[in-house]
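Engineer: Can you keep this structure in mind? I'll have questions shortly.
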Amino acid sequence: MSHPQRQRSAALARLCLSLGWGLWLGLGSGVPSAMAEPLIVEAALDRPVFQPVLDAFSAEYPQITLDYRDSSSLEADRRARDPEAPPDVVISSAMPWQLALSNEGRAQALDSVEAQHWPAWAKWRNEVFGFTFEPVVMAYRLELASHMLPPTTHRDLLDMLTHDRDWLRGRVVTYSPRDSGVGYTLLQQDARYTSRIWDLVAAMGAADVDLAKSTQEMLEGLSAGRYWLGYNLLGSYAMVWAQNHPDIIVQVPSDYSLVLMRMVFVHRDAPHPEAARRFVDFLLSQRGQHILAGSTPLFSVRDDVIGPYTAQRLRDQVGDHLYPIPVNATLLAFVDPLRRQAFLRRWDRELNILSE
Amino acid sequence: MSVPPVSLKRRLALWLIAIVAGLGTLLLIEAYTSAHKAADRALDGQLAAASLTMAESLQWPDGQPTLEMPASALQILATQWQERVFYWLQADNGRLITRNAELPISAAMRRAAGHHPVFYDADLDGVPIRLHGREIDSAGWDTQEPVQLWVGHTRRGRELLAGELFEKSASRFAAMVLITAALLMIALRALLAPLERLRRALRDRHPDDVEPLALEVPREMREWVDTLNRLLADQRDRRATLLRFIADASHQLKTPLAGLQSTSELALASPDPAAWRRALGEVHDSASRTSRLAGQMLSLTRLRHLGPDQERQPLALDTLLREVVTEWADRQESRDHDLGLALACTLPAWVAGESWALHELLNNLIDNACRYTPRGSQITVTLRDLAPGRLMLSIEDDGPGVEAAARERLTRPFERGQRQDTEGSGLGLAIVDSIARRHGSPLELSAVSPHGLRLSLTLVRLDPPDSAPDTHTPDTGAHA
């Protein structure tokens, strides 16, 4: 074939390609179900909180039909291990379990630009990405402040529980480390920073602490007046709740505050890997993070995002005593069954140590 | 099809490439394996450290081994490359204490780890991993149960580290090769410079210039230049010989021509027809002599310009000798001489030769002998066996002989051995020598006692062809 002919045919091919592309786009937007590309997201993240991000994603990728399955962190972990029906994307705040899934080889590495540029402290093996920045807080009812000085630090809390134990008895709530992956992680991390946490556990035990499975449950209990004080709530949920319930005060501990990150990864056996990668890329992208920062209380990790809920703004407000739970192999120790057993044994012992 | 000339530079470059490729492959293989070994050594240390940290946390609270997994151990295991980490802890009685993956640990590996800490490369679900196992003995109040602790991680960091190390060695090697090549090219240029100078010196030479080359060259090229100079010297000698020959030939031709001129002038000046006739006779004699001289010059020139081995065929030398000697015996010129033939060799005597040339040689030799010896001299042509496969042909006379110093020069053209009294052209022996050389040996001259001269040459004997007649016993030739 002579040279000009080849050029002509190449141009023709390009034309066909662009025609096809246009046709495909037209079909994609016009008849979404015809070209539907399903995407299964297994998430331990309340749908109402996350909805703005999901909407934005659907708007950007109308051809992808999102199947968002909201569940608890332990349930999400169980589903991710199901070899029969693996999800495409797994989101969970139970950071050790997410890392364990990656360690078991159930995640696939992403090599997109967003993934490459994601801050190193918020990702592991380019497989698991922490895409939110949620402070762990205390919350109390407004009445508490009228009876006593509300706690601002862990020590304040311990003092209060020690001095006003009888008054607070049955009115304190925290996560159950046994029933909640998040609660277990937070307590483990607390114990790593200081062993005095056990004094706090003992004091809470003496005050007949109630154990909840979720932040939502604690917030509802607080609003209902069942509890006066909650410890280790997810700040993201609590802050939104406090906006609608003025009788609830959210306190970011001023000595140190843990920061939890929702971890997301694309499953190794994702049935729709293309859509899955697009979804995670969207979460990490400036646009995704912008919606996160503006329309959800989940706090954006990215420095280049501006909005009411960003890690940077939180740091400006509460100072530099935010301690994100480190995303590294140390988290894997938390899911070791022996360690978990030993930890929960100690929890049980400490919880009852003052009552005996 | 013409073969392109080889380039020394290209050859050297090819050699360099061959050496570098061969040596480089070996070096790179070595670098590759040692890079992997180094990476393994470095990261095996982390496996051992993680294992140690875990062992420290192992406790036997109720006689049962238990472990509160130290987070730092896992972080050490993960390394900076964020490996997937694995651990596996089992009591000696086979009871599993804890693990986070089903590691491919065989019974043999377990036995080996029982003796001393071990490292293994293994494969977990298609992912290559590195395993480290050891046994921990610990005293307890109730039991002294040993525990096997295995830790492992994926090999990503090792591959990256090894790749980095290998890349470094490879680039060092590449740099070395490039520098060597550059230096070699420079060295080659410098080394080839004398050759270039020689080329220039030869090219810029005038064609007539046969002076030796005066050129500074390295020792290795000295011999080369010497050979060239020898060649030039030979050239010079040949040139000189040629010029002398031409000068001599012109001189030799000039004398009879001058004679002819003066004879004819004298005759023209005389009114006497008898003088004319006499002069015509002289002119005729002189012309035939000159013609013979020219003929001999021609044959000498022809001999010297013929290529080697031309027209050489097997011929029976004894037959040739008989023919020639018989012919000469009948001639006027040998009337006063005693010409004889002695075949003192195994017959027939076959040699490879040019028939016309050997004829010429014998004619000249006999003519010479007749010409330069007094009447009544005895001239004997002899053919005898010299050594196996060699024949000596000689002719000797009992004339006055030639002094040793003059003998040397006899074979040169126009030498007559200080004898200017004969009608010879002075070319006879030069022709004989040329023919003898064409047949493999120079003409040798020696004295015969008590007086006389012997001229001899050596010939290579051939096996007689199949059709040749049977061998005769040597016979002694009769003198004519």
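Identifiers in the structure tokens: chain A, B, ... in order shown; residue index from 1 per chain; ligand index from 1 in order shown.
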Check every residue of chain B for an atom within 7 Å of chain A, counting only C-alpha atoms, and provide those that qualify as a PyMOL selection string.
Structural biologist: chain B and resi 67-72+74-75+78+82+84-85+98
Engineer: What does the file look like for those residues with all heavy atoms, as a compact mmCIF listing (two decimals), in the first residue's frame?
Structural biologist:
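Everything below was put into part.txt:
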```txt
# COMPACT_ATOMS: atom_id res chain seq x y z
N LEU B 67 0.66 -15.52 72.74
CA LEU B 67 1.42 -14.40 72.18
C LEU B 67 0.51 -13.21 71.99
O LEU B 67 -0.53 -13.32 71.36
CB LEU B 67 2.01 -14.83 70.83
CG LEU B 67 2.75 -13.76 70.04
CD1 LEU B 67 4.12 -13.53 70.65
CD2 LEU B 67 2.90 -14.15 68.58
N GLU B 68 0.92 -12.11 72.56
CA GLU B 68 0.23 -10.87 72.22
C GLU B 68 1.04 -10.22 71.11
O GLU B 68 2.11 -9.67 71.36
CB GLU B 68 0.13 -9.95 73.43
CG GLU B 68 -0.76 -8.78 73.14
CD GLU B 68 -1.06 -7.95 74.39
OE1 GLU B 68 -0.81 -8.45 75.50
OE2 GLU B 68 -1.51 -6.82 74.23
N MET B 69 0.53 -10.37 69.90
CA MET B 69 1.32 -10.00 68.72
C MET B 69 1.84 -8.57 68.84
O MET B 69 1.06 -7.61 68.91
CB MET B 69 0.42 -10.12 67.48
CG MET B 69 1.12 -9.76 66.16
SD MET B 69 2.62 -10.69 65.86
CE MET B 69 1.98 -12.35 65.72
N PRO B 70 3.17 -8.41 68.89
CA PRO B 70 3.70 -7.04 68.98
C PRO B 70 3.56 -6.32 67.63
O PRO B 70 3.99 -6.84 66.60
CB PRO B 70 5.17 -7.25 69.35
CG PRO B 70 5.48 -8.66 69.00
CD PRO B 70 4.20 -9.43 68.87
N ALA B 71 2.95 -5.16 67.68
CA ALA B 71 2.72 -4.41 66.44
C ALA B 71 4.03 -4.07 65.74
O ALA B 71 4.13 -4.10 64.50
CB ALA B 71 1.95 -3.13 66.74
N SER B 72 5.07 -3.79 66.54
CA SER B 72 6.34 -3.39 65.93
C SER B 72 6.93 -4.52 65.09
O SER B 72 7.54 -4.27 64.05
CB SER B 72 7.33 -2.98 67.02
OG SER B 72 7.47 -4.05 67.94
N LEU B 74 5.39 -6.65 63.29
CA LEU B 74 4.74 -6.65 61.97
C LEU B 74 5.25 -5.50 61.11
O LEU B 74 5.43 -5.63 59.90
CB LEU B 74 3.23 -6.59 62.14
CG LEU B 74 2.64 -7.80 62.83
CD1 LEU B 74 1.13 -7.66 62.98
CD2 LEU B 74 2.95 -9.07 62.06
N GLN B 75 5.49 -4.38 61.78
CA GLN B 75 6.00 -3.23 61.03
C GLN B 75 7.40 -3.51 60.51
O GLN B 75 7.74 -3.15 59.38
CB GLN B 75 5.97 -1.98 61.94
CG GLN B 75 6.34 -0.70 61.25
CD GLN B 75 5.35 -0.33 60.13
OE1 GLN B 75 4.33 -0.98 59.96
NE2 GLN B 75 5.68 0.68 59.37
N ALA B 78 7.05 -5.77 57.57
CA ALA B 78 6.51 -5.13 56.38
C ALA B 78 7.58 -4.37 55.61
O ALA B 78 7.48 -4.19 54.40
CB ALA B 78 5.37 -4.19 56.74
N GLN B 82 6.45 -1.98 52.28
CA GLN B 82 5.07 -2.35 52.57
C GLN B 82 4.74 -3.73 52.03
O GLN B 82 3.80 -3.91 51.24
CB GLN B 82 4.11 -1.31 52.00
CG GLN B 82 4.49 0.10 52.44
CD GLN B 82 3.43 1.13 52.13
OE1 GLN B 82 2.59 0.94 51.26
NE2 GLN B 82 3.43 2.21 52.87
N ARG B 84 3.47 -7.63 52.11
CA ARG B 84 2.47 -8.41 52.82
C ARG B 84 3.23 -9.26 53.83
O ARG B 84 4.29 -9.80 53.52
CB ARG B 84 1.72 -9.31 51.84
CG ARG B 84 0.76 -8.55 50.95
CD ARG B 84 0.25 -9.42 49.84
NE ARG B 84 -0.48 -10.57 50.38
CZ ARG B 84 -0.83 -11.63 49.64
NH1 ARG B 84 -0.52 -11.68 48.37
NH2 ARG B 84 -1.49 -12.62 50.19
N VAL B 85 2.69 -9.34 55.05
CA VAL B 85 3.44 -10.03 56.11
C VAL B 85 2.70 -11.28 56.56
O VAL B 85 1.47 -11.34 56.52
CB VAL B 85 3.68 -9.09 57.31
CG1 VAL B 85 4.39 -7.85 56.85
CG2 VAL B 85 2.38 -8.74 58.00
N THR B 98 -1.01 -19.41 66.73
CA THR B 98 -1.67 -18.38 65.94
C THR B 98 -1.00 -18.27 64.58
O THR B 98 0.16 -18.66 64.43
CB THR B 98 -1.64 -17.00 66.66
OG1 THR B 98 -2.40 -16.08 65.89
CG2 THR B 98 -0.23 -16.48 66.80
```
Engineer: DSSP on the backbone: what in segment 192-261 of chain B comes out helix (DSSP H, G or I), as number ranges by chain?
Structural biologist: B: 192-203, 219-261
Engineer: Please provide as JSON, numbers by chain all residues within 12 Å of Leu354 of chain A, with the sequence filter that same-chain residues fewer than 5 positions apart are discarded (counting only C-alpha atoms).
Structural biologist: {"A": [162, 165, 198, 199, 200, 201, 202, 203, 204, 205, 206, 207, 208, 348, 349]}
Engineer: Need to verify the contact set: segment 174-184 of chain A, 9 Å, only C-alpha atoms, exclusion of same-chain residues closer than 5 positions in sequence. Can you return it as a ChimeraX atom specification?
Structural biologist: /A:72-74,93-97,189,204,209-215,218,229-233,260,334,340,344,347
Engineer: Please, which residues of segment 80-127 of chain A, numbered as in this document, come out strand (DSSP E) from DSSP, as a ChimeraX atom specification?
Structural biologist: /A:89-92,107-108,123-124
Engineer: Given the selection you just returned, output its residues as a file containing all heavy atoms, formatted as a JSON list (two decimals), in the first residue's frame.
Structural biologist:
```json
[["chain", "number", "residue", "atom", "x", "y", "z"],
["A", 89, "VAL", "N", -15.92, -2.96, 45.30],
["A", 89, "VAL", "CA", -15.20, -2.00, 46.14],
["A", 89, "VAL", "C", -15.62, -2.24, 47.59],
["A", 89, "VAL", "O", -16.79, -2.52, 47.85],
["A", 89, "VAL", "CB", -15.55, -0.55, 45.74],
["A", 89, "VAL", "CG1", -14.91, 0.45, 46.70],
["A", 89, "VAL", "CG2", -15.10, -0.28, 44.31],
["A", 90, "VAL", "N", -14.65, -2.19, 48.49],
["A", 90, "VAL", "CA", -14.97, -2.35, 49.91],
["A", 90, "VAL", "C", -14.56, -1.07, 50.64],
["A", 90, "VAL", "O", -13.44, -0.59, 50.49],
["A", 90, "VAL", "CB", -14.22, -3.56, 50.51],
["A", 90, "VAL", "CG1", -14.62, -3.75, 51.97],
["A", 90, "VAL", "CG2", -14.51, -4.82, 49.71],
["A", 91, "ILE", "N", -15.54, -0.51, 51.39],
["A", 91, "ILE", "CA", -15.26, 0.68, 52.20],
["A", 91, "ILE", "C", -15.55, 0.32, 53.64],
["A", 91, "ILE", "O", -16.60, -0.26, 53.94],
["A", 91, "ILE", "CB", -16.16, 1.86, 51.78],
["A", 91, "ILE", "CG1", -15.87, 2.27, 50.34],
["A", 91, "ILE", "CG2", -15.94, 3.05, 52.73],
["A", 91, "ILE", "CD1", -16.84, 3.32, 49.82],
["A", 92, "SER", "N", -14.61, 0.63, 54.53],
["A", 92, "SER", "CA", -14.88, 0.34, 55.94],
["A", 92, "SER", "C", -14.03, 1.23, 56.82],
["A", 92, "SER", "O", -12.93, 1.63, 56.43],
["A", 92, "SER", "CB", -14.58, -1.13, 56.23],
["A", 92, "SER", "OG", -14.68, -1.38, 57.61],
["A", 107, "ALA", "N", -6.86, -7.36, 47.81],
["A", 107, "ALA", "CA", -7.03, -6.04, 47.19],
["A", 107, "ALA", "C", -6.14, -5.98, 45.97],
["A", 107, "ALA", "O", -5.15, -6.70, 45.87],
["A", 107, "ALA", "CB", -6.63, -4.96, 48.18],
["A", 108, "GLN", "N", -6.50, -5.12, 45.03],
["A", 108, "GLN", "CA", -5.60, -4.92, 43.88],
["A", 108, "GLN", "C", -5.03, -3.51, 43.90],
["A", 108, "GLN", "O", -5.68, -2.57, 44.33],
["A", 108, "GLN", "CB", -6.30, -5.22, 42.55],
["A", 108, "GLN", "CG", -7.58, -4.49, 42.31],
["A", 108, "GLN", "CD", -8.10, -4.77, 40.91],
["A", 108, "GLN", "OE1", -7.65, -4.16, 39.94],
["A", 108, "GLN", "NE2", -9.04, -5.70, 40.80],
["A", 123, "LYS", "N", -2.22, 5.72, 52.84],
["A", 123, "LYS", "CA", -2.46, 4.58, 51.94],
["A", 123, "LYS", "C", -1.48, 3.46, 52.28],
["A", 123, "LYS", "O", -0.45, 3.68, 52.93],
["A", 123, "LYS", "CB", -2.30, 4.99, 50.48],
["A", 123, "LYS", "CG", -0.91, 5.39, 50.08],
["A", 123, "LYS", "CD", -0.85, 5.72, 48.60],
["A", 123, "LYS", "CE", 0.52, 6.24, 48.22],
["A", 123, "LYS", "NZ", 0.61, 6.66, 46.83],
["A", 124, "TRP", "N", -1.81, 2.28, 51.83],
["A", 124, "TRP", "CA", -0.97, 1.11, 52.09],
["A", 124, "TRP", "C", -0.85, 0.30, 50.81],
["A", 124, "TRP", "O", -1.86, -0.09, 50.22],
["A", 124, "TRP", "CB", -1.60, 0.25, 53.21],
["A", 124, "TRP", "CG", -0.77, -0.94, 53.60],
["A", 124, "TRP", "CD1", -1.08, -2.25, 53.41],
["A", 124, "TRP", "CD2", 0.50, -0.92, 54.25],
["A", 124, "TRP", "NE1", -0.09, -3.04, 53.90],
["A", 124, "TRP", "CE2", 0.90, -2.26, 54.43],
["A", 124, "TRP", "CE3", 1.35, 0.09, 54.68],
["A", 124, "TRP", "CZ2", 2.11, -2.62, 55.03],
["A", 124, "TRP", "CZ3", 2.55, -0.26, 55.28],
["A", 124, "TRP", "CH2", 2.92, -1.60, 55.46]]
```
Engineer: So that I can see what lies close to Met148 of chain A, please list as number ranges by chain the residues with an atom at most 10 Å from it, counting only C-alpha atoms and leaving out residues fewer than 3 positions away in the same chain.
Structural biologist: A: 143-145, 151, 160, 164
Engineer: Keeping only N, CA, C and O atoms, write those residues as a CSV table (one decimal), in the first residue's frame.
Structural biologist:
```
chain,number,residue,atom,x,y,z
A,143,GLU,N,-27.3,19.5,79.5
A,143,GLU,CA,-27.5,19.5,80.9
A,143,GLU,C,-26.3,19.2,81.7
A,143,GLU,O,-26.1,19.7,82.8
A,144,LEU,N,-25.4,18.4,81.1
A,144,LEU,CA,-24.2,18.0,81.8
A,144,LEU,C,-23.4,19.2,82.2
A,144,LEU,O,-22.9,19.3,83.3
A,145,ALA,N,-23.4,20.2,81.3
A,145,ALA,CA,-22.6,21.4,81.5
A,145,ALA,C,-23.2,22.2,82.7
A,145,ALA,O,-22.6,23.0,83.4
A,151,PRO,N,-16.0,17.8,80.3
A,151,PRO,CA,-14.7,17.3,80.1
A,151,PRO,C,-14.1,17.8,78.7
A,151,PRO,O,-14.9,17.8,77.8
A,160,MET,N,-13.9,13.1,86.2
A,160,MET,CA,-15.4,13.3,86.3
A,160,MET,C,-16.0,12.0,86.7
A,160,MET,O,-16.9,11.9,87.6
A,164,ASP,N,-17.9,12.0,90.1
A,164,ASP,CA,-19.3,12.0,90.0
A,164,ASP,C,-19.9,10.7,89.5
A,164,ASP,O,-20.8,10.6,88.7
```
Engineer: Hey, what's within 12 Å of segment 169-178 of chain B if we count only C-alpha atoms and toss same-chain stuff fewer than 4 positions away? As a list in words, please?
Structural biologist: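 The neighbour list is Ala13, Leu16, Ile17, Ala18, Ile19, Val20, Ala21, Leu23, Gly24, Thr25, Leu26, Leu27, Leu28, Ile29, Glu30, Ala31, Tyr32, Thr33, Ser34, Ala35, Ala162, Gly163, Glu164, Leu165, Ala182, Leu183, Leu184 and Met185 of chain B.
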Engineer: Any chance you can output those residues with N, CA, C and O atoms as a compact mmCIF listing (two decimals), in the first residue's frame?
Structural biologist:
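Saved file part.txt follows:
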```
# COMPACT_ATOMS: atom_id res chain seq x y z
N ALA B 13 37.11 -3.11 16.83
CA ALA B 13 35.82 -2.82 17.45
C ALA B 13 35.02 -4.11 17.62
O ALA B 13 34.42 -4.35 18.67
N LEU B 16 36.41 -6.05 20.39
CA LEU B 16 36.01 -5.43 21.67
C LEU B 16 34.58 -5.80 22.01
O LEU B 16 34.27 -6.20 23.14
N ILE B 17 33.74 -5.72 20.98
CA ILE B 17 32.33 -6.05 21.22
C ILE B 17 32.20 -7.50 21.66
O ILE B 17 31.49 -7.83 22.61
N ALA B 18 32.94 -8.39 20.97
CA ALA B 18 32.86 -9.81 21.31
C ALA B 18 33.32 -10.03 22.76
O ALA B 18 32.65 -10.72 23.54
N ILE B 19 34.44 -9.41 23.10
CA ILE B 19 34.97 -9.59 24.46
C ILE B 19 34.00 -9.02 25.47
O ILE B 19 33.66 -9.65 26.48
N VAL B 20 33.54 -7.80 25.17
CA VAL B 20 32.63 -7.14 26.12
C VAL B 20 31.34 -7.95 26.26
O VAL B 20 30.82 -8.14 27.36
N ALA B 21 30.84 -8.46 25.12
CA ALA B 21 29.59 -9.22 25.19
C ALA B 21 29.79 -10.48 26.02
O ALA B 21 28.98 -10.79 26.89
N LEU B 23 32.33 -11.26 28.21
CA LEU B 23 32.69 -10.93 29.59
C LEU B 23 31.52 -10.27 30.29
O LEU B 23 31.22 -10.52 31.45
N GLY B 24 30.85 -9.38 29.53
CA GLY B 24 29.72 -8.63 30.10
C GLY B 24 28.61 -9.56 30.53
O GLY B 24 28.03 -9.37 31.60
N THR B 25 28.31 -10.58 29.71
CA THR B 25 27.25 -11.51 30.09
C THR B 25 27.60 -12.16 31.43
O THR B 25 26.78 -12.19 32.35
N LEU B 26 28.85 -12.64 31.52
CA LEU B 26 29.26 -13.28 32.76
C LEU B 26 29.16 -12.29 33.93
O LEU B 26 28.60 -12.60 34.99
N LEU B 27 29.70 -11.09 33.70
CA LEU B 27 29.70 -10.10 34.78
C LEU B 27 28.29 -9.74 35.20
O LEU B 27 28.00 -9.60 36.39
N LEU B 28 27.42 -9.60 34.19
CA LEU B 28 26.05 -9.19 34.51
C LEU B 28 25.32 -10.31 35.25
O LEU B 28 24.55 -10.05 36.18
N ILE B 29 25.59 -11.56 34.83
CA ILE B 29 24.98 -12.68 35.56
C ILE B 29 25.46 -12.66 37.00
O ILE B 29 24.68 -12.79 37.95
N GLU B 30 26.76 -12.44 37.14
CA GLU B 30 27.33 -12.41 38.48
C GLU B 30 26.70 -11.26 39.27
O GLU B 30 26.30 -11.43 40.43
N ALA B 31 26.61 -10.09 38.62
CA ALA B 31 26.05 -8.92 39.30
C ALA B 31 24.60 -9.19 39.69
O ALA B 31 24.16 -8.84 40.79
N TYR B 32 23.87 -9.86 38.79
CA TYR B 32 22.46 -10.15 39.06
C TYR B 32 22.32 -11.04 40.28
O TYR B 32 21.57 -10.74 41.21
N THR B 33 23.10 -12.14 40.29
CA THR B 33 22.96 -13.06 41.42
C THR B 33 23.44 -12.41 42.70
O THR B 33 22.81 -12.55 43.75
N SER B 34 24.54 -11.67 42.61
CA SER B 34 25.04 -11.09 43.86
C SER B 34 24.12 -9.98 44.34
O SER B 34 23.99 -9.78 45.55
N ALA B 35 23.48 -9.28 43.42
CA ALA B 35 22.51 -8.25 43.85
C ALA B 35 21.37 -8.91 44.61
O ALA B 35 20.92 -8.41 45.65
N ALA B 162 17.28 -5.44 44.77
CA ALA B 162 18.19 -6.17 43.88
C ALA B 162 18.28 -5.45 42.53
O ALA B 162 19.36 -5.31 41.96
N GLY B 163 17.11 -5.00 42.06
CA GLY B 163 17.08 -4.28 40.79
C GLY B 163 17.93 -3.03 40.85
O GLY B 163 18.69 -2.72 39.94
N GLU B 164 17.83 -2.33 41.99
CA GLU B 164 18.60 -1.10 42.17
C GLU B 164 20.10 -1.41 42.17
O GLU B 164 20.88 -0.76 41.47
N LEU B 165 20.46 -2.45 42.94
CA LEU B 165 21.88 -2.84 43.02
C LEU B 165 22.38 -3.27 41.65
O LEU B 165 23.47 -2.89 41.22
N ALA B 182 36.33 4.25 24.23
CA ALA B 182 36.85 5.57 23.85
C ALA B 182 38.38 5.57 23.90
O ALA B 182 39.04 6.01 22.95
N LEU B 183 38.90 5.03 25.02
CA LEU B 183 40.36 4.99 25.16
C LEU B 183 40.98 4.14 24.05
O LEU B 183 42.01 4.49 23.48
N LEU B 184 40.32 3.04 23.75
CA LEU B 184 40.84 2.13 22.73
C LEU B 184 40.87 2.83 21.38
O LEU B 184 41.82 2.69 20.61
N MET B 185 39.81 3.60 21.11
CA MET B 185 39.75 4.30 19.83
C MET B 185 40.88 5.32 19.73
O MET B 185 41.53 5.45 18.70
```
Engineer: Which value, in Å to one decimal, gives the distance between atom CA of His359 of chain B and atom CA of Leu320 of chain B?
Structural biologist: 7.7 Å
Engineer: In Å to one decimal, how far is atom CA of Glu56 of chain B from atom CA of Leu258 of chain A?
Structural biologist: 28.7 Å
Engineer: Give me, please, the distance in Å between atom CA of Arg461 of chain B and atom CA of Ile395 of chain B, quoted to one decimal.
Structural biologist: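 A separation of 18.5 Å between them.
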Engineer: Tell me which protein, DNA and RNA residues are within 6 Å of Thr458 of chain B, counting only C-alpha atoms, leaving out same-chain ones fewer than 6 positions away, and put them as a PyMOL selection string.
Structural biologist: chain B and resi 391-392+441
Engineer: Store the residues of this selection in a file with N, CA, C and O atoms, as a PDB file, in the first residue's frame.
Structural biologist:
```
ATOM      1  N   LEU B 391      70.265 -34.088 -10.919  1.00  0.00           N
ATOM      2  CA  LEU B 391      71.245 -34.348 -11.979  1.00  0.00           C
ATOM      3  C   LEU B 391      72.153 -33.143 -12.102  1.00  0.00           C
ATOM      4  O   LEU B 391      71.716 -32.010 -11.898  1.00  0.00           O
ATOM      5  N   MET B 392      73.422 -33.420 -12.421  1.00  0.00           N
ATOM      6  CA  MET B 392      74.305 -32.294 -12.686  1.00  0.00           C
ATOM      7  C   MET B 392      74.730 -32.349 -14.144  1.00  0.00           C
ATOM      8  O   MET B 392      75.250 -33.363 -14.622  1.00  0.00           O
ATOM      9  N   SER B 441      68.595 -23.670 -10.814  1.00  0.00           N
ATOM     10  CA  SER B 441      69.870 -23.426 -10.122  1.00  0.00           C
ATOM     11  C   SER B 441      70.696 -22.470 -10.964  1.00  0.00           C
ATOM     12  O   SER B 441      70.580 -22.462 -12.195  1.00  0.00           O
TER      13      SER B 441
END
```
Engineer: Return the single residue from B:Glu211, B:Glu145, B:Asp125, B:Glu83 that is closest to Thr66 of chain B, with distances computed using only C-alpha atoms.
Structural biologist: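 Using only C-alpha atoms, Thr66 of chain B sits closest to B:Glu145.
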